[in-house]
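Structure file model30.txt (compact mmCIF, C-alpha atoms) follows.
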# COMPACT_ATOMS: atom_id res chain seq x y z
CA MET A 20 0.00 0.00 0.00
CA ASN A 21 1.27 3.45 -0.89
CA GLU A 22 1.02 5.40 2.36
CA MET A 23 2.30 8.55 0.60
CA ALA A 24 -0.37 8.59 -2.12
CA PRO A 25 -1.43 12.06 -3.31
CA LEU A 26 -4.62 13.52 -1.91
CA ALA A 27 -7.76 12.37 -3.69
CA ALA A 28 -8.95 15.98 -3.53
CA TYR A 29 -7.04 16.58 -6.77
CA LEU A 30 -9.04 14.09 -8.80
CA PRO A 31 -10.89 15.48 -11.82
CA PHE A 32 -14.39 16.85 -11.10
CA ASN A 33 -13.09 18.24 -7.79
CA ARG A 34 -12.77 22.02 -8.05
CA GLY A 35 -9.49 21.80 -6.15
CA CYS A 36 -7.72 20.49 -9.25
CA LEU A 37 -8.40 23.76 -11.13
CA LYS A 38 -5.62 26.30 -11.13
CA ASN A 39 -5.41 30.05 -11.68
CA GLY A 40 -7.79 31.03 -8.90
CA PHE A 41 -11.14 29.82 -10.24
CA GLU A 42 -14.01 31.35 -8.30
CA PRO A 43 -17.59 30.01 -8.59
CA ALA A 44 -20.19 32.54 -9.69
CA LYS A 45 -22.34 32.32 -6.58
CA ARG A 46 -22.40 36.11 -6.45
CA GLY A 47 -23.17 36.55 -10.14
CA ALA A 48 -21.30 37.05 -13.38
CA VAL A 49 -18.75 39.71 -14.26
CA ALA A 50 -20.28 42.94 -15.56
CA GLY A 51 -21.23 43.33 -19.20
CA ALA A 52 -22.51 41.05 -21.94
CA PRO A 53 -21.62 37.34 -21.81
CA LYS A 54 -18.01 37.04 -22.94
CA GLY A 55 -15.22 34.65 -21.98
CA ARG A 56 -14.91 30.87 -22.38
CA TRP A 57 -17.91 28.74 -23.26
CA LEU A 58 -18.94 25.38 -21.88
CA ILE A 59 -21.56 24.26 -24.38
CA MET A 60 -22.99 21.02 -23.02
CA GLN A 61 -24.67 18.43 -25.22
CA GLU A 62 -26.03 15.89 -22.75
CA GLN A 63 -22.90 14.40 -21.07
CA SER A 64 -20.47 15.95 -23.55
CA VAL A 65 -18.82 19.35 -23.87
CA VAL A 66 -18.38 21.00 -27.27
CA VAL A 67 -14.74 21.72 -28.04
CA GLY A 68 -12.63 22.88 -30.95
CA THR A 69 -9.37 21.37 -32.14
CA ASP A 70 -6.62 23.86 -32.89
CA GLY A 71 -3.19 22.40 -33.54
CA HIS A 72 -4.35 19.09 -32.05
CA GLU A 73 -5.15 20.79 -28.72
CA ILE A 74 -8.69 20.54 -27.33
CA SER A 75 -10.01 23.96 -26.36
CA LEU A 76 -13.23 25.75 -25.42
CA PRO A 77 -14.80 28.43 -27.62
CA GLU A 78 -13.71 31.90 -26.49
CA GLY A 79 -14.91 35.49 -26.77
CA GLU A 80 -18.51 36.54 -27.26
CA ARG A 81 -21.26 33.95 -27.60
CA PRO A 82 -20.01 31.70 -30.42
CA ALA A 83 -21.96 31.60 -33.68
CA GLY A 84 -23.66 28.47 -34.91
CA PHE A 85 -25.25 27.41 -31.63
CA ASP A 86 -28.67 28.99 -32.08
CA ALA A 87 -30.32 25.71 -31.02
CA ALA A 88 -29.02 26.17 -27.46
CA THR A 89 -31.83 26.28 -24.92
CA GLY A 90 -32.12 28.94 -22.25
CA GLU A 91 -29.96 31.93 -21.44
CA PRO A 92 -26.22 31.57 -20.75
CA ALA A 93 -25.45 30.81 -17.10
CA CYS A 94 -22.21 31.96 -15.50
CA LEU A 95 -20.29 29.11 -13.87
CA GLY A 96 -17.42 31.15 -12.45
CA HIS A 97 -14.38 33.26 -13.25
CA CYS A 98 -10.61 33.27 -13.37
CA GLY A 99 -9.80 36.91 -12.75
CA ASP A 100 -11.92 38.89 -15.20
CA GLU A 101 -12.46 35.92 -17.54
CA ALA A 102 -15.87 34.35 -17.12
CA PHE A 103 -16.95 30.80 -17.94
CA TRP A 104 -20.43 30.57 -19.49
CA VAL A 105 -22.65 27.51 -19.78
CA LEU A 106 -25.14 26.71 -22.53
CA ALA A 107 -27.25 23.59 -23.04
CA LEU A 108 -27.50 22.17 -26.54
CA PRO A 109 -30.14 19.59 -27.50
CA LYS A 110 -28.94 16.05 -28.09
CA ASP A 111 -29.50 16.02 -31.83
CA ALA A 112 -28.48 19.60 -32.63
CA PRO A 113 -25.81 19.73 -35.37
CA LEU A 114 -22.49 21.35 -34.53
CA PRO A 115 -20.91 24.05 -36.68
CA PRO A 116 -17.68 23.23 -38.57
CA GLY A 117 -14.56 23.05 -36.41
CA TYR A 118 -16.31 21.68 -33.33
CA HIS A 119 -17.03 18.25 -31.91
CA ALA A 120 -18.61 16.92 -28.72
CA GLU A 121 -16.26 15.23 -26.24
CA THR A 122 -17.71 13.04 -23.49
CA ILE A 123 -17.11 13.91 -19.85
CA VAL A 124 -17.83 10.31 -18.76
CA PRO A 125 -14.57 8.59 -17.78
CA MET A 126 -15.92 5.10 -18.53
CA ARG A 127 -16.58 6.17 -22.12
CA GLY A 128 -12.95 7.06 -22.73
CA THR A 129 -12.94 10.82 -22.33
CA LYS A 130 -10.07 12.62 -24.04
CA LEU A 131 -10.50 15.86 -22.12
CA PRO A 132 -7.62 17.15 -19.99
CA ASP A 133 -8.35 17.28 -16.28
CA ASP A 134 -9.17 21.00 -16.15
CA LEU A 135 -11.72 20.83 -18.98
CA LEU A 136 -13.13 17.60 -17.58
CA THR A 137 -13.67 19.30 -14.22
CA LEU A 138 -15.23 22.38 -15.78
CA GLY A 139 -17.48 20.17 -17.90
CA GLY A 140 -18.59 18.25 -14.82
CA MET A 141 -19.36 21.48 -12.95
CA ALA A 142 -21.28 22.80 -15.96
CA ALA A 143 -23.33 19.59 -16.13
CA GLN A 144 -24.19 19.92 -12.43
CA LEU A 145 -25.18 23.56 -12.89
CA LEU A 146 -27.54 22.62 -15.73
CA TRP A 147 -28.97 19.75 -13.68
CA TRP A 148 -29.63 22.08 -10.77
CA GLU A 149 -31.29 24.65 -13.02
CA SER A 150 -33.47 21.95 -14.59
CA THR A 151 -34.66 20.62 -11.21
CA SER A 152 -34.98 23.78 -9.11
CA GLY A 153 -37.40 25.96 -11.07
CA PHE A 154 -40.33 25.21 -8.79
CA CYS A 155 -40.72 25.02 -5.04
CA PRO A 156 -40.72 21.40 -3.80
CA ARG A 157 -43.08 22.43 -0.98
CA CYS A 158 -45.85 24.42 -2.70
CA GLY A 159 -45.04 24.28 -6.42
CA ASP A 160 -44.59 28.01 -7.06
CA ALA A 161 -41.81 29.26 -9.34
CA THR A 162 -38.53 29.94 -7.48
CA THR A 163 -36.08 32.81 -7.70
CA ARG A 164 -32.30 32.89 -7.20
CA ILE A 165 -31.07 33.82 -3.72
CA VAL A 166 -28.71 36.78 -4.01
CA GLY A 167 -25.10 35.69 -3.59
CA GLU A 168 -25.93 31.97 -3.57
CA TRP A 169 -26.66 29.06 -5.91
CA GLY A 170 -29.80 28.42 -3.89
CA LYS A 171 -33.40 29.15 -4.86
CA GLN A 172 -36.23 30.61 -2.77
CA CYS A 173 -39.98 30.41 -3.14
CA PRO A 174 -41.57 33.90 -3.06
CA ARG A 175 -44.84 32.38 -1.87
CA CYS A 176 -43.85 30.22 1.12
CA ALA A 177 -40.22 31.41 1.55
CA TYR A 178 -38.86 27.85 1.38
CA GLU A 179 -35.16 27.78 0.42
CA HIS A 180 -33.32 24.94 -1.23
CA TYR A 181 -29.78 24.51 -2.50
CA PRO A 182 -27.97 22.30 -5.02
CA HIS A 183 -28.41 18.70 -3.97
CA LEU A 184 -25.31 16.55 -3.52
CA HIS A 185 -26.04 12.92 -2.70
CA PRO A 186 -23.33 11.38 -0.48
CA CYS A 187 -22.22 7.85 -1.33
CA THR A 188 -19.53 5.56 0.02
CA ILE A 189 -17.28 3.44 -2.18
CA THR A 190 -15.19 0.86 -0.38
CA MET A 191 -12.32 -1.51 -1.03
CA ILE A 192 -12.71 -4.57 1.24
CA ARG A 193 -9.29 -6.08 1.98
CA ASP A 194 -8.31 -9.34 3.61
CA THR A 195 -4.74 -8.24 4.23
CA PRO A 196 -3.35 -11.46 5.83
CA ASN A 197 -4.50 -13.46 2.81
CA ARG A 198 -3.62 -10.72 0.30
CA ARG A 199 -7.02 -10.61 -1.36
CA VAL A 200 -9.71 -8.04 -2.21
CA LEU A 201 -13.48 -8.54 -2.39
CA LEU A 202 -15.17 -7.20 -5.54
CA ALA A 203 -18.74 -7.31 -6.82
CA ARG A 204 -20.61 -7.03 -10.12
CA LYS A 205 -24.09 -6.13 -11.37
CA ALA A 206 -25.88 -8.29 -13.92
CA GLU A 207 -26.18 -5.49 -16.48
CA TRP A 208 -22.44 -4.82 -16.59
CA ALA A 209 -20.14 -6.04 -19.34
CA PRO A 210 -18.92 -9.63 -18.87
CA GLY A 211 -16.05 -9.89 -16.41
CA ARG A 212 -16.47 -6.40 -15.00
CA TYR A 213 -16.18 -6.14 -11.20
CA ALA A 214 -16.07 -3.10 -8.93
CA LEU A 215 -15.77 -1.84 -5.37
CA VAL A 216 -18.85 -1.92 -3.14
CA ALA A 217 -20.74 1.38 -3.20
CA GLY A 218 -24.04 2.81 -2.00
CA PHE A 219 -25.94 5.90 -0.88
CA VAL A 220 -25.82 7.20 2.69
CA ASP A 221 -29.14 6.82 4.56
CA ASN A 222 -30.82 9.43 6.73
CA GLY A 223 -29.27 9.47 10.20
CA GLU A 224 -26.25 7.49 9.07
CA SER A 225 -22.55 8.31 9.34
CA LEU A 226 -20.22 7.59 6.45
CA GLU A 227 -18.61 4.77 8.43
CA GLY A 228 -22.04 3.40 9.29
CA CYS A 229 -22.92 3.42 5.61
CA VAL A 230 -19.76 1.45 4.79
CA ARG A 231 -20.60 -1.28 7.32
CA ARG A 232 -24.26 -1.45 6.28
CA GLU A 233 -23.66 -1.49 2.53
CA VAL A 234 -20.96 -4.16 2.82
CA MET A 235 -23.16 -6.35 4.99
CA GLU A 236 -26.27 -5.85 2.85
CA GLU A 237 -24.62 -6.37 -0.51
CA VAL A 238 -21.97 -9.04 0.12
CA GLY A 239 -22.76 -10.35 3.62
CA VAL A 240 -19.41 -9.90 5.34
CA GLU A 241 -18.31 -7.86 8.34
CA VAL A 242 -15.55 -5.27 8.29
CA GLY A 243 -13.38 -4.02 11.12
CA GLU A 244 -11.04 -1.06 10.70
CA ILE A 245 -12.34 1.53 8.23
CA ARG A 246 -9.97 4.10 6.77
CA TYR A 247 -11.11 7.22 4.94
CA VAL A 248 -9.18 7.83 1.73
CA GLY A 249 -10.66 10.87 0.02
CA SER A 250 -13.68 12.14 -1.87
CA GLN A 251 -14.68 13.03 -5.39
CA ASN A 252 -17.47 15.11 -6.79
CA TRP A 253 -19.23 12.87 -9.33
CA PRO A 254 -21.53 14.82 -11.68
CA PHE A 255 -23.69 11.91 -12.94
CA PRO A 256 -25.84 13.71 -12.06
CA SER A 257 -24.88 15.01 -8.59
CA GLN A 258 -23.08 12.72 -6.15
CA LEU A 259 -20.25 13.03 -3.65
CA MET A 260 -18.25 9.79 -3.63
CA CYS A 261 -16.52 9.19 -0.29
CA GLY A 262 -13.76 6.60 -0.60
CA PHE A 263 -12.79 4.09 2.11
CA VAL A 264 -10.62 1.05 2.68
CA ALA A 265 -12.13 -1.49 5.08
CA GLU A 266 -10.46 -4.54 6.59
CA TYR A 267 -12.32 -7.85 6.42
CA ALA A 268 -13.40 -9.04 9.88
CA GLY A 269 -15.32 -12.24 9.13
CA GLY A 270 -18.26 -13.94 7.48
CA ASP A 271 -18.95 -15.76 4.24
CA ILE A 272 -19.98 -13.96 1.07
CA ALA A 273 -23.75 -13.78 0.70
CA VAL A 274 -24.76 -11.82 -2.40
CA ASP A 275 -27.84 -9.61 -2.36
CA THR A 276 -29.23 -10.71 -5.72
CA THR A 277 -31.60 -7.74 -5.89
CA GLU A 278 -28.51 -5.53 -6.20
CA LEU A 279 -25.72 -7.76 -7.50
CA GLU A 280 -25.09 -10.77 -9.69
CA ASP A 281 -21.86 -11.92 -8.07
CA ALA A 282 -19.19 -11.09 -5.49
CA ARG A 283 -15.92 -12.89 -4.87
CA TRP A 284 -12.41 -12.63 -3.50
CA PHE A 285 -9.56 -11.91 -5.92
CA PRO A 286 -5.79 -12.02 -5.34
CA ALA A 287 -4.67 -8.45 -4.69
CA ASP A 288 -2.16 -8.57 -7.53
CA GLU A 289 -4.64 -10.07 -10.03
CA LEU A 290 -7.67 -7.78 -9.82
CA PRO A 291 -9.89 -8.03 -12.92
CA ILE A 292 -10.54 -4.29 -13.07
CA ARG A 293 -8.64 -1.28 -14.33
CA PRO A 294 -10.87 1.67 -13.50
CA SER A 295 -10.22 5.00 -15.14
CA ARG A 296 -7.61 7.16 -13.43
CA HIS A 297 -10.30 9.85 -13.43
CA SER A 298 -12.36 8.07 -10.77
CA ILE A 299 -11.90 7.63 -7.04
CA ALA A 300 -12.32 3.88 -7.61
CA GLY A 301 -9.22 3.97 -9.80
CA TYR A 302 -7.41 6.06 -7.20
CA ILE A 303 -8.21 3.57 -4.43
CA ILE A 304 -7.19 0.53 -6.49
CA ALA A 305 -3.96 2.17 -7.66
CA ASN A 306 -2.90 3.18 -4.15
CA PHE A 307 -4.37 0.64 -1.71
CA SER A 308 -4.46 -2.78 -3.40
CA ARG A 309 -0.77 -3.58 -2.97
CA LEU A 310 -1.02 -5.82 0.09
If you convert what's in this file into structure tokens, what do you get?
Amino acid sequence: MNEMAPLAAYLPFNRGCLKNGFEPAKRGAVAGAPKGRWLIMQEQSVVVGTDGHEISLPEGERPAGFDAATGEPACLGHCGDEAFWVLALPKDAPLPPGYHAETIVPMRGTKLPDDLLTLGGMAAQLLWWESTSGFCPRCGDATTRIVGEWGKQCPRCAYEHYPHLHPCTITMIRDTPNRRVLLARKAEWAPGRYALVAGFVDNGESLEGCVRREVMEEVGVEVGEIRYVGSQNWPFPSQLMCGFVAEYAGGDIAVDTTELEDARWFPADELPIRPSRHSIAGYIIANFSRL
């Protein structure tokens, strides 16, 4: 195990991996007409240009050829006086010459550099929030933006709500004395694909409590020591993945077949998975599977 592994905070999709003093636009956009760099999202892809074989965002005033974009531009944030603007483009809208859509989904082989991947993920979350926060969840009235915040408020009943992040745990289960790792798979996955055990945190539950419950519910074993590794914002559509390593404490595998198809122990040096380096699962496997 690499005890000196870099902090998971610098994984893509975490704002901490952006440089040059990026500031989110909670307090609004820079003054003047929309101008800067453009994150034009087409479902789970960002529209980019290729100039000298380098992937780049459109720059300047609102780029021409994207008249099919829905809604007004939304400001994501700024680096100094340069603003980043977000537009949503329908799935089937054609792109003007010189542009192509690049996926932000790591499992689909994204080619985006980490900074554009992170900005694309943040843009996707902003659009998701805007698409789900237009009406009050309490009384159904149209909401308005709270000054200086991402949150929305209902002018009728005064209810406030803010962007929803759903906490999840993702855990590597290690049997260190026997140098093996427990992995699981879902029936709908590609043949031979296995993964770490993951699940959503319940009401009234700590992160550590979620680890123990999810492991017991899904694969039927007990864990002892639980070590927090790091976290990653995961914009599909709006999760916070909290990574852990847990030591096996006993019990036989008992698969919850409503959730999984299979779970089994694998030798630590022969794991059948190579998750993307962009994910916290890949980070955990790369740094904590060497027993």
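Distances here use all atoms listed in the file; by that measure, the residue among A:Ile304, A:Pro125, A:Ala142, A:Arg46 closest to Ile292 of chain A is A:Ile304.
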I'd like the interatomic distance between atom CA of Arg296 of chain A and atom CA of Cys36 of chain A, to a tenth of an Å.
14.0 Å
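In terms of minimum interatomic distance to Leu310 of chain A, A:Arg198 ranks closest within A:Lys45, A:Arg212, A:Arg198, A:Arg283, counting all atoms listed in the file.
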Given the choices A:Gly159, A:Gly170, A:Pro254, A:Pro77, which gets closest to His185 of chain A if the distance is worked out from all atoms listed in the file?
A:Pro254
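Minimum distance to Pro109 of chain A across A:Val220, A:Ala305, A:Ala83, A:Ser64 (counting only C-alpha atoms) occurs at A:Ser64.
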Excluding Val200 of chain A and residues on its chain fewer than 2 positions from it, collect all residues at most 12 Å away from it, counting only C-alpha atoms, and give them as a PDB file with C-alpha atoms, keeping the file's coordinate frame.
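Output file around_14.pdb is given in full below:
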ATOM      1  CA  THR A 190     -15.190   0.860  -0.380  1.00  0.00           C
ATOM      2  CA  MET A 191     -12.320  -1.510  -1.030  1.00  0.00           C
ATOM      3  CA  ILE A 192     -12.710  -4.570   1.240  1.00  0.00           C
ATOM      4  CA  ARG A 193      -9.290  -6.080   1.980  1.00  0.00           C
ATOM      5  CA  ASP A 194      -8.310  -9.340   3.610  1.00  0.00           C
ATOM      6  CA  THR A 195      -4.740  -8.240   4.230  1.00  0.00           C
ATOM      7  CA  PRO A 196      -3.350 -11.460   5.830  1.00  0.00           C
ATOM      8  CA  ASN A 197      -4.500 -13.460   2.810  1.00  0.00           C
ATOM      9  CA  ARG A 198      -3.620 -10.720   0.300  1.00  0.00           C
ATOM     10  CA  LEU A 202     -15.170  -7.200  -5.540  1.00  0.00           C
ATOM     11  CA  ALA A 203     -18.740  -7.310  -6.820  1.00  0.00           C
ATOM     12  CA  TYR A 213     -16.180  -6.140 -11.200  1.00  0.00           C
ATOM     13  CA  ALA A 214     -16.070  -3.100  -8.930  1.00  0.00           C
ATOM     14  CA  LEU A 215     -15.770  -1.840  -5.370  1.00  0.00           C
ATOM     15  CA  VAL A 216     -18.850  -1.920  -3.140  1.00  0.00           C
ATOM     16  CA  VAL A 264     -10.620   1.050   2.680  1.00  0.00           C
ATOM     17  CA  ALA A 265     -12.130  -1.490   5.080  1.00  0.00           C
ATOM     18  CA  GLU A 266     -10.460  -4.540   6.590  1.00  0.00           C
ATOM     19  CA  TYR A 267     -12.320  -7.850   6.420  1.00  0.00           C
ATOM     20  CA  ALA A 282     -19.190 -11.090  -5.490  1.00  0.00           C
ATOM     21  CA  ARG A 283     -15.920 -12.890  -4.870  1.00  0.00           C
ATOM     22  CA  TRP A 284     -12.410 -12.630  -3.500  1.00  0.00           C
ATOM     23  CA  PHE A 285      -9.560 -11.910  -5.920  1.00  0.00           C
ATOM     24  CA  PRO A 286      -5.790 -12.020  -5.340  1.00  0.00           C
ATOM     25  CA  ALA A 287      -4.670  -8.450  -4.690  1.00  0.00           C
ATOM     26  CA  ASP A 288      -2.160  -8.570  -7.530  1.00  0.00           C
ATOM     27  CA  GLU A 289      -4.640 -10.070 -10.030  1.00  0.00           C
ATOM     28  CA  LEU A 290      -7.670  -7.780  -9.820  1.00  0.00           C
ATOM     29  CA  PRO A 291      -9.890  -8.030 -12.920  1.00  0.00           C
ATOM     30  CA  ILE A 292     -10.540  -4.290 -13.070  1.00  0.00           C
ATOM     31  CA  ILE A 303      -8.210   3.570  -4.430  1.00  0.00           C
ATOM     32  CA  ILE A 304      -7.190   0.530  -6.490  1.00  0.00           C
ATOM     33  CA  PHE A 307      -4.370   0.640  -1.710  1.00  0.00           C
ATOM     34  CA  SER A 308      -4.460  -2.780  -3.400  1.00  0.00           C
ATOM     35  CA  ARG A 309      -0.770  -3.580  -2.970  1.00  0.00           C
ATOM     36  CA  LEU A 310      -1.020  -5.820   0.090  1.00  0.00           C
TER      37      LEU A 310
END
Using all atoms listed in the file, which residues sit within 9 Å of Ile299 of chain A once same-chain residues fewer than 6 positions away are excluded, as a PyMOL selection string?
chain A and resi 27+30+189+249-251+260-262
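Considering only C-alpha atoms, the residue among A:Gly79, A:Gly68, A:Pro156, A:Gly139 positioned nearest to Val105 of chain A is A:Gly139.
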Taking every listed atom of segment 70-74 of chain A and adding 6 Å to each side, what centre and edge lengths in Å (one decimal) does the axis-aligned box have, as lines of an AutoDock Vina configuration file?
center_x = -5.9
center_y = 21.5
center_z = -30.4
size_x = 17.5
size_y = 16.8
size_z = 18.2
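Distance check against Phe32 of chain A using only C-alpha atoms: of A:Ile74, A:Ile245, A:Leu136, A:Ala300, the minimum falls on A:Leu136.
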Do you know which residues lie at most 7 Å from (-26.8, 27.4, -2.5), with coordinates as in the file and all atoms listed in the file counted, and could you write them as a list of chain:residue names?
A:Glu168, A:Trp169, A:Gly170, A:Tyr181, A:Pro182
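Atom CA of Met141 of chain A to atom CA of Asn222 of chain A spans 25.8 Å [interatomic distance, one decimal].
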If I only have part of segment 159-172 of chain A, can you fill in N, CA and C atoms and write it as a compact mmCIF listing (two decimals), in the frame of the given file?
# COMPACT_ATOMS: atom_id res chain seq x y z
N GLY A 159 -44.93 24.33 -4.96
CA GLY A 159 -45.04 24.28 -6.42
C GLY A 159 -44.92 25.60 -7.13
N ASP A 160 -44.74 26.71 -6.42
CA ASP A 160 -44.59 28.01 -7.06
C ASP A 160 -43.21 28.13 -7.71
N ALA A 161 -43.09 29.02 -8.70
CA ALA A 161 -41.81 29.26 -9.34
C ALA A 161 -40.83 29.87 -8.35
N THR A 162 -39.55 29.45 -8.41
CA THR A 162 -38.53 29.94 -7.48
C THR A 162 -37.72 31.06 -8.10
N THR A 163 -37.00 31.78 -7.25
CA THR A 163 -36.08 32.81 -7.70
C THR A 163 -34.72 32.57 -7.06
N ARG A 164 -33.67 33.06 -7.69
CA ARG A 164 -32.30 32.89 -7.20
C ARG A 164 -32.09 33.72 -5.94
N ILE A 165 -31.46 33.12 -4.93
CA ILE A 165 -31.07 33.82 -3.72
C ILE A 165 -29.82 34.63 -4.02
N VAL A 166 -29.84 35.91 -3.71
CA VAL A 166 -28.71 36.78 -4.01
C VAL A 166 -27.44 36.26 -3.34
N GLY A 167 -26.38 36.12 -4.13
CA GLY A 167 -25.10 35.69 -3.59
C GLY A 167 -24.98 34.21 -3.33
N GLU A 168 -25.96 33.41 -3.81
CA GLU A 168 -25.93 31.97 -3.57
C GLU A 168 -26.40 31.23 -4.82
N TRP A 169 -26.09 29.91 -4.87
CA TRP A 169 -26.66 29.06 -5.91
C TRP A 169 -28.11 28.70 -5.59
N GLY A 170 -28.51 28.88 -4.34
CA GLY A 170 -29.80 28.42 -3.89
C GLY A 170 -30.97 29.17 -4.51
N LYS A 171 -32.16 28.56 -4.37
CA LYS A 171 -33.40 29.15 -4.86
C LYS A 171 -34.36 29.33 -3.68
N GLN A 172 -35.24 30.35 -3.80
CA GLN A 172 -36.23 30.61 -2.77
C GLN A 172 -37.61 30.76 -3.40
